[in-house]
$ cat entry_18.tsv   # TSV, C-alpha atoms
chain	number	residue	atom	x	y	z
A	4	MET	CA	79.54	367.63	219.24
A	5	HIS	CA	82.07	364.84	219.47
A	6	ARG	CA	82.39	362.96	222.74
A	7	SER	CA	85.28	360.88	223.91
A	8	GLY	CA	86.81	359.67	227.14
A	9	PHE	CA	88.92	357.19	229.07
A	10	VAL	CA	86.76	354.44	230.55
A	11	ASN	CA	88.87	352.44	232.97
A	12	ILE	CA	87.90	348.96	234.15
A	13	ILE	CA	88.93	347.96	237.67
A	14	GLY	CA	87.99	345.18	240.07
A	15	ASN	CA	89.28	342.17	241.94
A	16	PRO	CA	90.92	339.18	240.22
A	17	ASN	CA	88.74	336.71	238.28
A	18	VAL	CA	85.58	338.83	238.09
A	19	GLY	CA	85.65	339.02	234.28
A	20	LYS	CA	87.18	342.44	233.54
A	21	SER	CA	89.12	341.21	230.51
A	22	THR	CA	86.17	339.23	229.15
A	23	LEU	CA	84.00	342.33	229.47
A	24	MET	CA	86.46	344.61	227.65
A	25	ASN	CA	87.01	342.08	224.87
A	26	ALA	CA	83.22	341.79	224.45
A	27	MET	CA	82.75	345.55	224.21
A	28	VAL	CA	85.72	346.16	221.91
A	29	GLY	CA	84.97	343.17	219.72
A	30	GLU	CA	88.61	342.00	219.73
A	31	LYS	CA	90.55	339.69	222.01
A	32	LEU	CA	92.99	342.25	223.39
A	33	SER	CA	93.34	340.91	226.94
A	34	ILE	CA	94.17	337.28	227.58
A	35	VAL	CA	91.52	335.40	229.53
A	36	THR	CA	92.03	332.36	231.78
A	37	ALA	CA	90.48	331.03	234.98
A	38	LYS	CA	93.67	331.84	236.92
A	39	ALA	CA	94.06	334.94	239.08
A	40	GLN	CA	96.53	337.64	237.98
A	41	THR	CA	96.07	336.80	234.31
A	42	THR	CA	96.21	340.51	233.40
A	43	ARG	CA	99.49	342.18	234.40
A	44	HIS	CA	99.51	345.28	232.21
A	45	ARG	CA	97.12	348.14	231.57
A	46	ILE	CA	95.76	347.41	228.11
A	47	MET	CA	93.71	349.88	226.08
A	48	GLY	CA	90.96	348.99	223.62
A	49	ILE	CA	89.50	351.74	221.45
A	50	ILE	CA	86.06	351.81	219.81
A	51	ASN	CA	84.25	354.49	217.82
A	52	GLY	CA	80.58	354.96	217.09
A	53	GLY	CA	77.77	357.36	216.30
A	54	GLU	CA	77.56	359.54	213.24
A	55	GLY	CA	77.37	363.19	212.30
A	56	ASP	CA	77.04	365.39	215.36
A	57	SER	CA	76.80	362.41	217.72
A	58	GLU	CA	80.12	360.67	217.04
A	59	TRP	CA	82.01	359.24	219.99
A	60	GLN	CA	85.20	357.41	220.91
A	61	ILE	CA	85.71	355.23	223.99
A	62	VAL	CA	89.21	354.39	225.18
A	63	PHE	CA	88.75	351.39	227.47
A	64	SER	CA	91.54	350.30	229.83
A	65	ASP	CA	91.69	346.80	231.24
A	66	THR	CA	93.74	346.66	234.44
A	67	PRO	CA	95.23	343.98	236.71
A	68	GLY	CA	93.03	342.55	239.43
A	69	ILE	CA	93.32	344.33	242.78
A	70	LEU	CA	95.57	342.57	245.27
A	71	LYS	CA	97.91	343.24	248.18
A	72	PRO	CA	101.41	343.30	246.64
A	73	SER	CA	104.03	340.76	247.75
A	74	TYR	CA	106.85	341.81	245.38
A	75	ARG	CA	107.78	344.70	243.05
A	76	LEU	CA	105.99	343.29	239.98
A	77	GLN	CA	102.70	343.20	241.89
A	78	GLN	CA	103.32	346.70	243.26
A	79	ASN	CA	103.74	347.95	239.71
A	80	MET	CA	100.55	346.16	238.72
A	81	MET	CA	98.72	348.05	241.47
A	82	ASN	CA	100.31	351.28	240.22
A	83	PHE	CA	98.50	350.62	236.93
A	84	VAL	CA	95.22	350.30	238.84
A	85	ASP	CA	95.81	353.49	240.85
A	86	GLY	CA	96.75	355.34	237.67
A	87	ALA	CA	93.55	354.14	236.02
A	88	ILE	CA	91.48	355.54	238.90
A	89	GLY	CA	93.33	358.85	238.72
A	90	ASP	CA	92.95	359.54	234.99
A	91	ALA	CA	89.47	358.10	234.33
A	92	ASP	CA	86.59	359.99	232.78
A	93	ILE	CA	84.37	357.04	233.75
A	94	ILE	CA	85.09	354.06	236.03
A	95	LEU	CA	83.67	350.62	235.32
A	96	TYR	CA	83.94	348.71	238.59
A	97	VAL	CA	83.42	345.00	237.88
A	98	THR	CA	82.34	342.64	240.62
A	99	ASP	CA	80.48	339.34	240.29
A	100	THR	CA	77.97	337.09	242.00
A	101	VAL	CA	80.69	334.90	243.55
A	102	GLU	CA	83.28	337.06	245.29
A	103	LYS	CA	82.93	338.54	248.76
A	104	ALA	CA	81.55	342.02	248.27
A	105	ASP	CA	83.83	343.60	250.89
A	106	LYS	CA	87.06	342.27	249.36
A	107	ASN	CA	89.69	345.05	249.03
A	108	GLU	CA	87.37	347.49	250.78
A	109	GLU	CA	89.78	350.42	250.42
A	110	TYR	CA	89.12	350.59	246.67
A	111	VAL	CA	85.36	350.69	247.22
A	112	GLN	CA	85.95	353.64	249.55
A	113	LYS	CA	87.95	355.36	246.81
A	114	LEU	CA	84.97	354.98	244.47
A	115	GLN	CA	82.70	356.57	247.06
A	116	ARG	CA	84.85	359.72	246.98
A	117	ILE	CA	85.69	359.91	243.27
A	118	ASP	CA	84.35	362.78	241.14
A	119	CYS	CA	83.89	360.97	237.83
A	120	PRO	CA	80.87	358.76	237.01
A	121	VAL	CA	81.00	355.18	238.28
A	122	ILE	CA	79.20	352.20	236.74
A	123	VAL	CA	79.16	349.02	238.81
A	124	VAL	CA	78.87	345.88	236.69
A	125	ILE	CA	77.72	342.76	238.57
A	126	ASN	CA	79.10	340.07	236.28
A	127	LYS	CA	78.39	336.31	235.99
A	128	ILE	CA	74.66	336.58	236.69
A	129	ASP	CA	74.23	333.54	234.43
A	130	ILE	CA	75.57	331.36	237.28
A	131	SER	CA	73.39	332.89	240.01
A	132	ASP	CA	69.69	333.07	240.90
A	133	GLN	CA	67.63	336.22	240.51
A	134	GLU	CA	67.19	336.76	244.24
A	135	LYS	CA	70.97	336.87	244.79
A	136	VAL	CA	71.38	339.31	241.90
A	137	LEU	CA	68.70	341.64	243.31
A	138	GLU	CA	70.36	341.53	246.73
A	139	LEU	CA	73.71	342.45	245.20
A	140	MET	CA	72.18	345.29	243.19
A	141	LYS	CA	70.74	346.77	246.38
A	142	TYR	CA	74.02	346.22	248.25
A	143	TRP	CA	76.08	348.06	245.65
A	144	GLN	CA	73.56	350.87	245.28
A	145	ASP	CA	73.80	351.42	249.05
A	146	ARG	CA	77.62	351.27	248.98
A	147	ILE	CA	78.11	353.63	246.01
A	148	PRO	CA	74.88	355.69	245.85
A	149	ASN	CA	75.84	357.76	242.80
A	150	ALA	CA	76.77	354.73	240.69
A	151	GLN	CA	74.64	353.06	238.06
A	152	ILE	CA	74.34	349.33	238.81
A	153	ILE	CA	74.11	346.96	235.84
A	154	PRO	CA	73.85	343.16	236.15
A	155	ALA	CA	75.51	341.38	233.25
A	156	SER	CA	77.15	338.26	231.87
A	157	ALA	CA	80.20	339.20	229.82
A	158	GLN	CA	80.70	335.56	228.86
A	159	GLU	CA	77.18	335.36	227.40
A	160	ARG	CA	77.23	339.02	226.23
A	161	PHE	CA	74.07	339.67	228.27
A	162	ASN	CA	73.57	343.40	228.95
A	163	VAL	CA	76.91	344.30	227.32
A	164	ASP	CA	75.10	346.68	224.94
A	165	ASN	CA	73.36	348.34	227.90
A	166	ILE	CA	76.73	348.87	229.59
A	167	LEU	CA	78.00	350.45	226.38
A	168	ASP	CA	74.97	352.75	226.18
A	169	ALA	CA	75.50	353.79	229.81
A	170	VAL	CA	79.13	354.63	229.05
A	171	VAL	CA	78.32	356.61	225.88
A	172	SER	CA	75.69	358.69	227.70
A	173	ARG	CA	78.34	359.79	230.23
A	174	LEU	CA	81.20	360.64	227.86
A	175	PRO	CA	82.43	364.24	228.04
A	176	GLU	CA	82.51	366.50	224.99
A	177	CYS	CA	86.00	366.05	223.57
A	178	PRO	CA	87.76	365.45	220.24
A	179	PRO	CA	88.94	361.86	219.67
A	180	TRP	CA	92.11	360.95	221.53
A	181	TYR	CA	93.25	358.44	218.90
A	182	ASP	CA	92.94	358.01	215.13
A	183	LYS	CA	89.63	356.48	214.20
A	184	ASP	CA	91.31	353.37	212.76
A	185	ALA	CA	93.29	352.63	215.97
A	186	PHE	CA	92.00	349.81	218.17
A	187	THR	CA	94.68	349.58	220.89
A	188	ASP	CA	97.77	351.33	222.22
A	189	LYS	CA	99.84	348.13	222.18
A	190	ASN	CA	102.06	346.88	219.36
A	191	LEU	CA	102.24	343.41	217.81
A	192	ARG	CA	105.30	342.42	219.88
A	193	PHE	CA	103.24	342.94	223.01
A	194	PHE	CA	100.43	340.70	221.78
A	195	ALA	CA	102.93	338.01	220.75
A	196	SER	CA	104.32	337.93	224.30
A	197	GLU	CA	100.85	337.92	225.85
A	198	ILE	CA	99.70	335.04	223.63
A	199	ILE	CA	102.66	332.95	224.78
A	200	ARG	CA	101.98	333.89	228.41
A	201	GLU	CA	98.34	332.88	228.00
A	202	GLN	CA	99.44	329.42	226.89
A	203	ILE	CA	101.71	329.17	229.93
A	204	LEU	CA	98.73	329.99	232.14
A	205	LEU	CA	96.63	327.36	230.37
A	206	ASN	CA	99.22	324.58	230.18
A	207	TYR	CA	101.07	324.73	233.52
A	208	LYS	CA	99.85	324.44	237.09
A	209	GLU	CA	100.55	325.81	240.57
A	210	GLU	CA	103.18	328.54	240.82
A	211	ILE	CA	104.74	328.12	237.36
A	212	PRO	CA	102.70	330.80	235.48
A	213	TYR	CA	103.36	333.37	238.22
A	214	CYS	CA	107.12	332.84	238.04
A	215	CYS	CA	107.24	333.33	234.25
A	216	GLU	CA	107.55	336.32	231.97
A	217	VAL	CA	107.90	336.41	228.20
A	218	GLY	CA	110.27	338.63	226.25
A	219	ILE	CA	110.22	339.00	222.47
A	220	GLU	CA	113.80	339.02	221.18
A	221	GLN	CA	112.99	339.20	217.46
A	222	PHE	CA	109.89	340.21	215.55
A	223	LYS	CA	110.37	340.36	211.78
A	224	GLU	CA	107.54	340.85	209.31
A	225	GLY	CA	108.03	339.31	205.89
A	226	ALA	CA	105.78	339.15	202.87
A	227	GLU	CA	104.58	335.66	203.76
A	228	ARG	CA	104.96	335.39	207.54
A	229	TYR	CA	106.17	336.79	210.87
A	230	ASP	CA	109.44	335.40	212.25
A	231	ILE	CA	109.28	335.60	216.04
A	232	SER	CA	111.86	334.60	218.62
A	233	ALA	CA	110.81	334.64	222.29
A	234	ILE	CA	112.33	333.86	225.68
A	235	ILE	CA	110.36	332.53	228.64
A	236	TYR	CA	112.03	333.78	231.82
A	237	VAL	CA	111.69	331.64	234.95
A	238	MET	CA	113.13	332.01	238.45
A	239	ARG	CA	114.66	328.56	239.07
A	240	GLU	CA	116.28	325.70	237.15
A	241	SER	CA	113.51	323.35	238.32
A	242	GLN	CA	110.92	325.64	236.72
A	243	LYS	CA	112.90	325.65	233.48
A	244	GLY	CA	112.73	321.85	233.46
A	245	ILE	CA	108.95	321.91	233.95
A	246	ILE	CA	108.45	324.46	231.17
A	247	ILE	CA	110.54	322.40	228.74
A	248	GLY	CA	109.15	319.01	229.78
A	249	LYS	CA	110.48	315.56	228.97
A	250	GLY	CA	112.25	315.67	225.63
A	251	GLY	CA	110.95	319.21	225.11
A	252	SER	CA	107.35	317.98	224.86
A	253	ALA	CA	105.76	320.60	227.13
A	254	LEU	CA	107.50	323.53	225.44
A	255	LYS	CA	106.62	322.17	222.00
A	256	ARG	CA	102.94	321.89	223.00
A	257	THR	CA	102.92	325.43	224.38
A	258	GLY	CA	104.73	326.80	221.32
A	259	THR	CA	102.39	325.11	218.87
A	260	ALA	CA	99.30	326.45	220.64
A	261	ALA	CA	100.81	329.95	220.80
A	262	ARG	CA	101.75	329.89	217.12
A	263	LEU	CA	98.24	328.91	216.07
A	264	GLU	CA	96.75	331.64	218.28
A	265	MET	CA	99.15	334.21	216.80
A	266	GLU	CA	98.27	333.19	213.25
A	267	ASP	CA	94.61	333.70	214.05
A	268	PHE	CA	95.27	337.08	215.71
A	269	PHE	CA	97.77	338.42	213.14
A	270	GLN	CA	96.04	336.82	210.12
A	271	LYS	CA	99.40	335.72	208.77
A	272	LYS	CA	101.66	332.69	209.04
A	273	VAL	CA	104.07	332.65	211.98
A	274	PHE	CA	107.43	330.96	212.47
A	275	LEU	CA	107.95	330.87	216.25
A	276	GLN	CA	111.00	329.91	218.28
A	277	ILE	CA	110.84	329.83	222.08
A	278	PHE	CA	113.76	329.50	224.47
A	279	VAL	CA	113.78	329.30	228.28
A	280	LYS	CA	116.13	331.28	230.53
A	281	VAL	CA	116.57	331.42	234.31
A	282	ASP	CA	116.46	334.92	235.82
A	283	PRO	CA	115.99	334.58	239.62
A	284	ASP	CA	115.25	338.27	240.30
A	285	TRP	CA	113.11	339.38	237.36
A	286	ARG	CA	110.02	340.07	239.56
A	287	GLU	CA	112.05	342.45	241.79
A	288	ASP	CA	114.67	343.91	239.44
A	289	ARG	CA	113.66	347.38	238.20
A	290	LYS	CA	115.77	347.08	235.05
A	291	GLU	CA	114.12	343.81	234.11
A	292	LEU	CA	110.63	345.11	234.94
A	293	ARG	CA	111.31	348.15	232.75
A	294	LYS	CA	112.31	345.83	229.91
A	295	PHE	CA	109.01	343.97	230.26
A	296	GLY	CA	106.99	347.20	230.32
A	297	TYR	CA	106.09	347.35	234.01
A	298	GLU	CA	108.13	350.49	234.80
A	299	ASP	CA	108.74	353.73	232.90

$ encode --input "entry_18.tsv" --output "structure tokens"
Amino acid sequence: MHRSGFVNIIGNPNVGKSTLMNAMVGEKLSIVTAKAQTTRHRIMGIINGGEGDSEWQIVFSDTPGILKPSYRLQQNMMNFVDGAIGDADIILYVTDTVEKADKNEEYVQKLQRIDCPVIVVINKIDISDQEKVLELMKYWQDRIPNAQIIPASAQERFNVDNILDAVVSRLPECPPWYDKDAFTDKNLRFFASEIIREQILLNYKEEIPYCCEVGIEQFKEGAERYDISAIIYVMRESQKGIIIGKGGSALKRTGTAARLEMEDFFQKKVFLQIFVKVDPDWREDRKELRKFGYED
């Protein structure tokens, strides 16, 4: 009896969805920063376990944080979330001890009506007192009566194994969806672009990270190293100047940090070139969004 299923992780921005998936998968598949809207894509992480007649496969999906869209990119991000709700075998709804519990109430109402099992993870309990955690557990049990409520700290890996056990116990009987040696549905080009975008989120302030996208123009694998050429797309000339910095210093710092992160992720040397291009409409243009993987 093999069990397998799609376990989709949803929740508001900055509650720790990506940190939780990375902790359960054991790989850094989703970039993690303190900024909202860090995750833009739906990213799958695949793990296998059990033995003999009790083997299982979990296909986790990390999704963008729930928001009210202001432009086409954000609408497509919310399409990823809605798709994750629609095709889930199990939903992991991640909240935390900081956010307002009634934020984006319409998605909580969707979880009240959904047929598949729901597990509510109350994250970041390491920065809260026990009384607050108990209050939140009762609140969420009242809001979604059929859900299992699990307090956790993804950052500290507290209760992550219990979340995994809860997921495994609810998996449907099913052959594996992916080869047993697969760990994600994304290719190396995707991770190269995400690593660069993570460094943009870490190194630049205010609106700059939200006006940027990264395209990989060349990805060549040699015997000794990867040769990668990337373009950072921005919306205005002034943003291009900020990305590059005086004498190219800011872009060089970002590129060096991204290269080192890639070498750690790919386990191979990387030669990285990054250019910056102005594209005023990339967040609204369907052709551009398709190129970046946000539209079919």

$ closest_residue --input "entry_18.tsv" --among "A:Tyr96, A:Phe278, A:Phe222, A:Tyr142" --to "Val121 of chain A" --atoms "all atoms listed in the file"
A:Tyr96

$ closest_residue --input "entry_18.tsv" --among "A:Gly68, A:Pro178, A:Pro148, A:Pro212" --to "Val18 of chain A" --atoms "only C-alpha atoms"
A:Gly68

$ residues_around --input "entry_18.tsv" --residues "segment 111-120 of chain A" --least-positions-apart "3" --cutoff "9 Å" --atoms "all atoms listed in the file" --output "PyMOL selection string"
chain A and resi 88-89+91-96+105-108+146-151+173

$ closest_residue --input "entry_18.tsv" --among "A:Val10, A:Met47, A:Val217, A:Ile69" --to "Lys189 of chain A" --atoms "all atoms listed in the file"
A:Met47

$ closest_residue --input "entry_18.tsv" --among "A:Trp285, A:Phe193, A:Tyr297, A:Phe63" --to "Asn82 of chain A" --atoms "all atoms listed in the file"
A:Tyr297

$ closest_residue --input "entry_18.tsv" --among "A:Ser64, A:Asn79, A:Thr41, A:Ser241" --to "Phe295 of chain A" --atoms "all atoms listed in the file"
A:Asn79

$ closest_residue --input "entry_18.tsv" --among "A:Arg286, A:Arg262, A:Lys20, A:Lys294" --to "Gln77 of chain A" --atoms "only C-alpha atoms"
A:Arg286

$ residues_around --input "entry_18.tsv" --residues "Met27 of chain A" --least-positions-apart "2" --cutoff "8 Å" --atoms "all atoms listed in the file" --output "list of chain:residue names"
A:Leu23, A:Met24, A:Asn25, A:Gly29, A:Val163, A:Asp164, A:Leu167

$ residues_near_point --input "entry_18.tsv" --point "(103.7, 332.1, 223.9)" --cutoff "10 Å" --atoms "all atoms listed in the file" --output "number ranges by chain"
A: 194-204, 216-219, 233-235, 254, 257-262, 264-265, 275-277

$ axis_aligned_box --input "entry_18.tsv" --around "segment 141-153 of chain A" --padding-each-side "8 Å" --output "JSON"
{"center_x": 74.4, "center_y": 352.0, "center_z": 242.4, "size_x": 23.4, "size_y": 27.5, "size_z": 29.2}

$ build_atoms --input "entry_18.tsv" --residues "segment 23-39 of chain A" --atoms "N, CA and C atoms" --output "mmCIF file, in the coordinates of the input"
data_model
loop_
_atom_site.group_PDB
_atom_site.id
_atom_site.type_symbol
_atom_site.label_atom_id
_atom_site.label_comp_id
_atom_site.auth_asym_id
_atom_site.auth_seq_id
_atom_site.Cartn_x
_atom_site.Cartn_y
_atom_site.Cartn_z
ATOM 1 N N LEU A 23 84.911 341.223 229.730
ATOM 2 C CA LEU A 23 84.000 342.330 229.470
ATOM 3 C C LEU A 23 84.593 343.296 228.445
ATOM 4 N N MET A 24 85.874 343.680 228.614
ATOM 5 C CA MET A 24 86.460 344.610 227.650
ATOM 6 C C MET A 24 86.525 343.992 226.265
ATOM 7 N N ASN A 25 86.949 342.738 226.177
ATOM 8 C CA ASN A 25 87.010 342.080 224.870
ATOM 9 C C ASN A 25 85.636 342.060 224.203
ATOM 10 N N ALA A 26 84.586 341.829 225.004
ATOM 11 C CA ALA A 26 83.220 341.790 224.450
ATOM 12 C C ALA A 26 82.802 343.156 223.927
ATOM 13 N N MET A 27 83.163 344.218 224.641
ATOM 14 C CA MET A 27 82.750 345.550 224.210
ATOM 15 C C MET A 27 83.567 346.050 223.018
ATOM 16 N N VAL A 28 84.864 345.709 223.000
ATOM 17 C CA VAL A 28 85.720 346.160 221.910
ATOM 18 C C VAL A 28 85.524 345.308 220.657
ATOM 19 N N GLY A 29 85.153 344.058 220.865
ATOM 20 C CA GLY A 29 84.970 343.170 219.720
ATOM 21 C C GLY A 29 86.249 342.529 219.244
ATOM 22 N N GLU A 30 87.321 342.629 220.036
ATOM 23 C CA GLU A 30 88.610 342.000 219.730
ATOM 24 C C GLU A 30 89.136 341.355 221.006
ATOM 25 N N LYS A 31 89.912 340.291 220.847
ATOM 26 C CA LYS A 31 90.550 339.690 222.010
ATOM 27 C C LYS A 31 91.868 340.414 222.264
ATOM 28 N N LEU A 32 91.805 341.471 223.065
ATOM 29 C CA LEU A 32 92.990 342.250 223.390
ATOM 30 C C LEU A 32 93.628 341.797 224.688
ATOM 31 N N SER A 33 92.828 341.389 225.651
ATOM 32 C CA SER A 33 93.340 340.910 226.940
ATOM 33 C C SER A 33 93.197 339.398 226.998
ATOM 34 N N ILE A 34 94.256 338.722 227.455
ATOM 35 C CA ILE A 34 94.170 337.280 227.580
ATOM 36 C C ILE A 34 93.220 336.927 228.722
ATOM 37 N N VAL A 35 92.561 335.799 228.576
ATOM 38 C CA VAL A 35 91.520 335.400 229.530
ATOM 39 C C VAL A 35 91.765 333.946 229.942
ATOM 40 N N THR A 36 91.969 333.721 231.250
ATOM 41 C CA THR A 36 92.030 332.360 231.780
ATOM 42 C C THR A 36 91.298 332.345 233.117
ATOM 43 N N ALA A 37 91.152 331.164 233.679
ATOM 44 C CA ALA A 37 90.480 331.030 234.980
ATOM 45 C C ALA A 37 91.416 331.344 236.140
ATOM 46 N N LYS A 38 92.699 331.588 235.860
ATOM 47 C CA LYS A 38 93.670 331.840 236.920
ATOM 48 C C LYS A 38 93.678 333.315 237.313
ATOM 49 N N ALA A 39 93.913 333.567 238.608
ATOM 50 C CA ALA A 39 94.060 334.940 239.080
ATOM 51 C C ALA A 39 95.337 335.554 238.508
#
